[in-house]
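So this block is run20.txt, compact mmCIF, C-alpha atoms and all ligand atoms:
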```txt
# COMPACT_ATOMS: atom_id res chain seq x y z
CA MET P 256 139.38 67.41 -19.55
CA ASN P 257 139.37 64.40 -17.33
CA ARG P 258 136.53 63.25 -15.16
CA ARG P 259 137.84 64.95 -11.99
CA GLN P 260 138.17 68.33 -13.75
CA PHE P 261 134.71 67.97 -15.21
CA LEU P 262 133.16 67.25 -11.78
CA ARG P 263 135.01 70.23 -10.28
CA LEU P 264 133.64 72.43 -13.04
CA VAL P 265 130.06 71.20 -12.49
CA TYR P 266 130.42 71.60 -8.73
CA GLY P 267 131.81 75.13 -9.09
CA ALA P 268 129.05 76.14 -11.47
CA SER P 269 126.33 74.79 -9.16
CA VAL P 270 127.83 76.62 -6.15
CA ALA P 271 127.97 79.86 -8.17
CA LEU P 272 124.36 79.40 -9.30
CA ALA P 273 123.16 78.73 -5.75
CA GLY P 274 125.02 81.83 -4.55
CA ALA P 275 123.45 83.99 -7.24
CA GLN P 276 119.97 82.71 -6.33
CA THR P 277 120.59 83.37 -2.65
CA ILE P 278 121.70 86.94 -3.36
CA SER P 279 118.69 87.62 -5.59
CA ALA P 280 116.33 86.25 -2.90
CA ALA P 281 117.92 88.33 -0.13
CA PRO P 282 115.43 91.24 -0.38
CA PHE P 283 112.61 88.75 0.21
CA PHE P 284 114.16 87.43 3.41
CA PHE P 285 115.69 90.73 4.54
CA PRO P 286 113.36 93.46 3.28
CA VAL P 287 114.71 96.97 3.28
CA TYR P 288 113.16 99.00 6.05
CA THR P 289 111.14 101.91 4.72
CA PRO P 290 110.07 104.31 7.43
CA PRO P 291 106.39 105.27 7.50
CA ARG P 292 105.70 108.39 5.49
CA HIS P 293 104.72 111.45 7.40
CA ILE P 294 101.25 112.92 6.92
CA ARG P 295 100.95 116.68 7.16
CA TYR P 296 97.60 118.43 7.32
CA PHE P 297 96.77 121.46 5.20
CA ARG P 298 93.84 123.82 5.54
CA ALA P 299 91.50 123.02 2.65
CA ALA P 300 88.15 124.66 3.46
CA ASP P 301 86.05 126.35 6.08
CA GLU P 302 83.99 123.96 8.13
CA TRP P 303 80.93 125.80 6.81
CA ASP P 304 81.82 124.80 3.23
CA ILE P 305 81.50 121.09 3.97
CA PRO P 306 78.43 119.92 2.03
CA ARG P 307 75.46 118.55 3.93
CA ARG P 308 74.63 116.46 0.88
CA GLY P 309 76.30 115.71 -2.44
CA VAL P 310 79.80 116.61 -3.50
CA ARG P 311 81.90 119.74 -3.59
CA MET P 312 85.35 120.25 -5.05
CA ILE P 313 88.03 122.01 -3.03
CA GLU P 314 91.37 123.47 -4.05
CA PHE P 315 94.04 124.08 -1.50
CA SER P 316 97.75 124.73 -1.19
CA GLY P 317 99.89 121.79 -0.17
CA PRO P 318 103.62 121.15 -0.25
CA GLY P 319 104.88 123.21 -3.17
CA ARG P 320 101.74 123.31 -5.29
CA LYS P 321 97.94 123.43 -5.41
CA PHE P 322 95.86 120.31 -4.83
CA ARG P 323 92.29 119.37 -5.63
CA ALA P 324 90.03 117.02 -3.77
CA TYR P 325 86.34 116.26 -3.47
CA MET P 326 84.37 116.47 -0.25
CA ALA P 327 81.65 113.83 -0.58
CA ARG P 328 78.77 113.49 1.87
CA THR P 329 77.96 109.79 1.83
CA PRO P 330 75.46 107.83 3.93
CA GLY P 331 78.45 106.75 6.01
CA GLY P 332 79.70 110.29 6.60
CA LEU P 333 82.07 112.75 5.02
CA LEU P 334 84.81 111.50 2.71
CA VAL P 335 87.62 113.49 1.14
CA LEU P 336 88.48 111.85 -2.18
CA SER P 337 91.41 112.29 -4.48
CA PRO P 338 90.30 113.26 -8.01
CA VAL P 339 93.04 111.10 -9.57
CA CYS P 340 91.60 108.15 -11.49
CA SER P 341 93.11 104.84 -10.39
CA HIS P 342 93.38 103.66 -14.00
CA LEU P 343 95.92 105.99 -15.61
CA GLY P 344 95.73 109.12 -13.53
CA CYS P 345 93.31 111.43 -15.33
CA LEU P 346 91.25 113.76 -13.17
CA VAL P 347 87.68 112.63 -12.56
CA ALA P 348 84.77 115.06 -12.45
CA TRP P 349 81.63 114.88 -10.38
CA ASN P 350 78.53 114.39 -12.54
CA ASP P 351 75.67 115.77 -10.46
CA ALA P 352 72.97 114.58 -12.86
CA LYS P 353 74.14 110.97 -12.67
CA GLY P 354 75.36 111.13 -9.09
CA GLU P 355 78.76 109.68 -9.93
CA PHE P 356 82.36 110.59 -10.69
CA ASP P 357 83.22 110.23 -14.38
CA CYS P 358 86.68 109.91 -15.84
CA PRO P 359 86.96 111.65 -19.22
CA CYS P 360 89.83 109.50 -20.47
CA HIS P 361 88.52 105.93 -20.72
CA GLY P 362 85.04 106.05 -19.25
CA GLY P 363 85.83 105.06 -15.69
CA ARG P 364 82.94 105.59 -13.28
CA TYR P 365 82.88 105.80 -9.48
CA ASP P 366 80.02 106.16 -7.04
CA ILE P 367 79.86 108.95 -4.46
CA SER P 368 82.11 106.92 -2.12
CA GLY P 369 84.73 106.54 -4.83
CA ILE P 370 83.92 102.86 -5.46
CA VAL P 371 84.37 101.73 -9.07
CA ILE P 372 81.02 101.16 -10.79
CA GLY P 373 82.19 100.96 -14.39
CA GLY P 374 85.06 101.11 -16.81
CA PRO P 375 88.68 100.06 -16.44
CA PRO P 376 89.78 101.55 -13.08
CA PRO P 377 91.25 98.77 -10.94
CA ARG P 378 90.78 100.46 -7.56
CA PRO P 379 88.52 103.00 -5.86
CA LEU P 380 89.46 106.67 -5.64
CA SER P 381 91.93 107.28 -2.83
CA ARG P 382 90.46 108.54 0.42
CA LEU P 383 92.46 111.32 1.98
CA PRO P 384 92.70 111.66 5.75
CA TYR P 385 91.11 114.76 7.19
CA LYS P 386 90.24 116.42 10.46
CA ILE P 387 88.19 119.39 11.56
CA GLU P 388 90.29 121.84 13.50
CA ASN P 389 89.42 125.38 14.64
CA GLY P 390 86.56 125.68 12.14
CA SER P 391 88.62 124.40 9.21
CA LEU P 392 88.71 121.21 7.22
CA MET P 393 92.32 120.02 7.28
CA VAL P 394 93.31 117.48 4.62
CA GLY P 395 96.26 115.17 5.14
CA LEU P 396 98.87 114.62 2.47
CA GLU P 397 101.92 112.38 2.59
CA VAL P 398 105.08 114.48 2.61
S1 LIG R 401 92.39 107.19 -16.68
FE1 LIG R 401 90.40 107.08 -15.86
S2 LIG R 401 89.46 105.47 -16.89
FE2 LIG R 401 91.46 105.55 -17.73
```
Represent the structure contained in this file as structure tokens.
Amino acid sequence: MNRRQFLRLVYGASVALAGAQTISAAPFFFPVYTPPRHIRYFRAADEWDIPRRGVRMIEFSGPGRKFRAYMARTPGGLLVLSPVCSHLGCLVAWNDAKGEFDCPCHGGRYDISGIVIGGPPPRPLSRLPYKIENGSLMVGLEV
């Protein structure tokens, strides 16, 4: 291989490498459009069942299956919280004596607002959208 062939080879390899990097960076510069997910509301409880204090679990039918959630009366108002622990997805339970949600799997603990107060969970419990409509608590789920 003479010098000219060697330089052509190096040039070709560098062009190919630059092209590969450009292609791999394309999603960063041209992100794929993902349309906003649609939220549909499902009847979860009578308005009368909303607790004036503390926490109450609700079960309701959503898209294709039953769902659970917690209605939590906090100083800031009513919250509807997902029972799914943000660590690895176990279902938390309300501990009335301690006034907190406890996760049975790895000891995660959340306050009444779903804020992490102990254990490994990296994020608070998810807050579900809700509205009161015609005497019913309607809980929103992404569909
Ligand atoms: S799944 Fe809840 S603390 Fe690990």
Can you tell me, as JSON, the centre and edge lengths (Å, one decimal) of the axis-aligned box enclosing all of stretch 297-306 of chain P's listed atoms after padding each side by 6 Å?
```
{"center_x": 87.6, "center_y": 123.1, "center_z": 5.1, "size_x": 30.3, "size_y": 18.4, "size_z": 18.1}
```
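Minimum distance to P:Glu388 across P:Phe297, P:Phe261, P:Tyr288, P:Tyr266 (counting all atoms listed in the file) occurs at P:Phe297.
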Quick one: of P:Ala324, P:Cys345, P:Leu333, P:Ile313, who's nearest to ligand LIG 401 (chain R), counting all atoms listed in the file? P:Cys345
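If you measure from each of P:Ile367, P:Val394, P:Cys358, P:Val265 to ligand LIG 401 (chain R) using all atoms listed in the file, the closest one turns out to be P:Cys358.
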Could you give me, as a tab-separated table, a per-residue list for chain P showing, wherever an atom lies at most 8 Å from an atom of ligand LIG 401 (chain R), the closest pair of atoms and their distance in Å to one decimal, using only C-alpha atoms and all ligand atoms and sorting by chain then residue number from low to high?
```
residue	atom	partner	partner_atom	distance
P:Val339	CA	R:LIG401	FE1	7.9
P:Cys340	CA	R:LIG401	FE1	4.7
P:Ser341	CA	R:LIG401	FE1	6.5
P:His342	CA	R:LIG401	S1	4.5
P:Leu343	CA	R:LIG401	S1	3.9
P:Gly344	CA	R:LIG401	S1	5.0
P:Cys345	CA	R:LIG401	S1	4.5
P:Leu346	CA	R:LIG401	FE1	7.3
P:Val347	CA	R:LIG401	FE1	7.0
P:Asp357	CA	R:LIG401	FE1	8.0
P:Cys358	CA	R:LIG401	FE1	4.7
P:Pro359	CA	R:LIG401	FE1	6.6
P:Cys360	CA	R:LIG401	FE2	5.1
P:His361	CA	R:LIG401	S2	4.0
P:Gly362	CA	R:LIG401	S2	5.0
P:Gly363	CA	R:LIG401	S2	3.8
P:Arg364	CA	R:LIG401	S2	7.5
P:Gly374	CA	R:LIG401	S2	6.2
P:Pro375	CA	R:LIG401	S2	5.5
P:Pro376	CA	R:LIG401	S2	5.5
```
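For the choices P:Pro318, P:Gly354, P:Pro306, P:Pro384, the atom-to-atom distance to P:Leu336 is smallest for P:Pro384 when using all atoms listed in the file.
Among P:Ala268, P:Gly317, P:Leu262, P:Arg308, the residue with the shortest atom-to-atom distance to P:Val398, counting only C-alpha atoms, is P:Gly317.
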List the spatial neighbours of P:Ile387 as JSON, numbers by chain - criterion: any atom at most 10 Å away, all atoms listed in the file, same-chain residues fewer than 6 positions off excluded. {"P": [298, 300, 301, 302, 393, 394]}
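Residues with any atom within 12 Å of the point (79.7, 112.3, 5.3), counting only C-alpha atoms, are P:Ile305, P:Pro306, P:Arg307, P:Arg308, P:Gly309, P:Val310, P:Arg311, P:Tyr325, P:Met326, P:Ala327, P:Arg328, P:Thr329, P:Pro330, P:Gly331, P:Gly332, P:Leu333, P:Leu334, P:Val335, P:Leu336, P:Ile367, P:Ser368, P:Tyr385.
Taking atom CA of P:Leu380 and atom CA of P:Val287 as endpoints, the distance between them is 28.5 Å.
Between atom CA of P:Asn389 and atom CA of P:Arg295 the separation is 16.3 Å.
One distance worth recording is that between atom CA of P:Ile294 and atom CA of P:Arg382, which is 13.3 Å.
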With all atoms listed in the file as the atoms that count, which of P:Tyr365, P:Gly267, P:Gln276, P:Ala299 lies nearest to P:Lys321? P:Ala299
N, CA and C atoms are what I want for stretch 357-369 of chain P; can you complete it accordingly and write them as a PDB file, in the frame of the given file?
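Heads up, here's the output in part_7.pdb:
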```pdb
ATOM      1  N   ASP P 357      82.911 110.755 -13.049  1.00  0.00           N
ATOM      2  CA  ASP P 357      83.220 110.230 -14.380  1.00  0.00           C
ATOM      3  C   ASP P 357      84.648 110.587 -14.749  1.00  0.00           C
ATOM      4  N   CYS P 358      85.335 109.635 -15.338  1.00  0.00           N
ATOM      5  CA  CYS P 358      86.680 109.910 -15.840  1.00  0.00           C
ATOM      6  C   CYS P 358      86.579 110.171 -17.340  1.00  0.00           C
ATOM      7  N   PRO P 359      87.103 111.304 -17.800  1.00  0.00           N
ATOM      8  CA  PRO P 359      86.960 111.650 -19.220  1.00  0.00           C
ATOM      9  C   PRO P 359      87.869 110.841 -20.140  1.00  0.00           C
ATOM     10  N   CYS P 360      88.838 110.143 -19.602  1.00  0.00           N
ATOM     11  CA  CYS P 360      89.830 109.500 -20.470  1.00  0.00           C
ATOM     12  C   CYS P 360      89.350 108.163 -21.058  1.00  0.00           C
ATOM     13  N   HIS P 361      88.887 107.252 -20.212  1.00  0.00           N
ATOM     14  CA  HIS P 361      88.520 105.930 -20.720  1.00  0.00           C
ATOM     15  C   HIS P 361      87.170 105.465 -20.177  1.00  0.00           C
ATOM     16  N   GLY P 362      86.390 106.395 -19.686  1.00  0.00           N
ATOM     17  CA  GLY P 362      85.040 106.050 -19.250  1.00  0.00           C
ATOM     18  C   GLY P 362      84.937 105.427 -17.877  1.00  0.00           C
ATOM     19  N   GLY P 363      85.929 105.588 -17.045  1.00  0.00           N
ATOM     20  CA  GLY P 363      85.830 105.060 -15.690  1.00  0.00           C
ATOM     21  C   GLY P 363      84.725 105.769 -14.917  1.00  0.00           C
ATOM     22  N   ARG P 364      84.036 105.018 -14.069  1.00  0.00           N
ATOM     23  CA  ARG P 364      82.940 105.590 -13.280  1.00  0.00           C
ATOM     24  C   ARG P 364      83.062 105.131 -11.836  1.00  0.00           C
ATOM     25  N   TYR P 365      82.797 106.074 -10.924  1.00  0.00           N
ATOM     26  CA  TYR P 365      82.880 105.800  -9.480  1.00  0.00           C
ATOM     27  C   TYR P 365      81.615 106.318  -8.823  1.00  0.00           C
ATOM     28  N   ASP P 366      81.170 105.647  -7.769  1.00  0.00           N
ATOM     29  CA  ASP P 366      80.020 106.160  -7.040  1.00  0.00           C
ATOM     30  C   ASP P 366      80.471 107.266  -6.082  1.00  0.00           C
ATOM     31  N   ILE P 367      79.555 107.805  -5.313  1.00  0.00           N
ATOM     32  CA  ILE P 367      79.860 108.950  -4.460  1.00  0.00           C
ATOM     33  C   ILE P 367      80.920 108.621  -3.398  1.00  0.00           C
ATOM     34  N   SER P 368      81.081 107.333  -3.084  1.00  0.00           N
ATOM     35  CA  SER P 368      82.110 106.920  -2.120  1.00  0.00           C
ATOM     36  C   SER P 368      83.450 106.650  -2.777  1.00  0.00           C
ATOM     37  N   GLY P 369      83.492 106.798  -4.116  1.00  0.00           N
ATOM     38  CA  GLY P 369      84.730 106.540  -4.830  1.00  0.00           C
ATOM     39  C   GLY P 369      84.905 105.087  -5.247  1.00  0.00           C
TER      40      GLY P 369
END
```
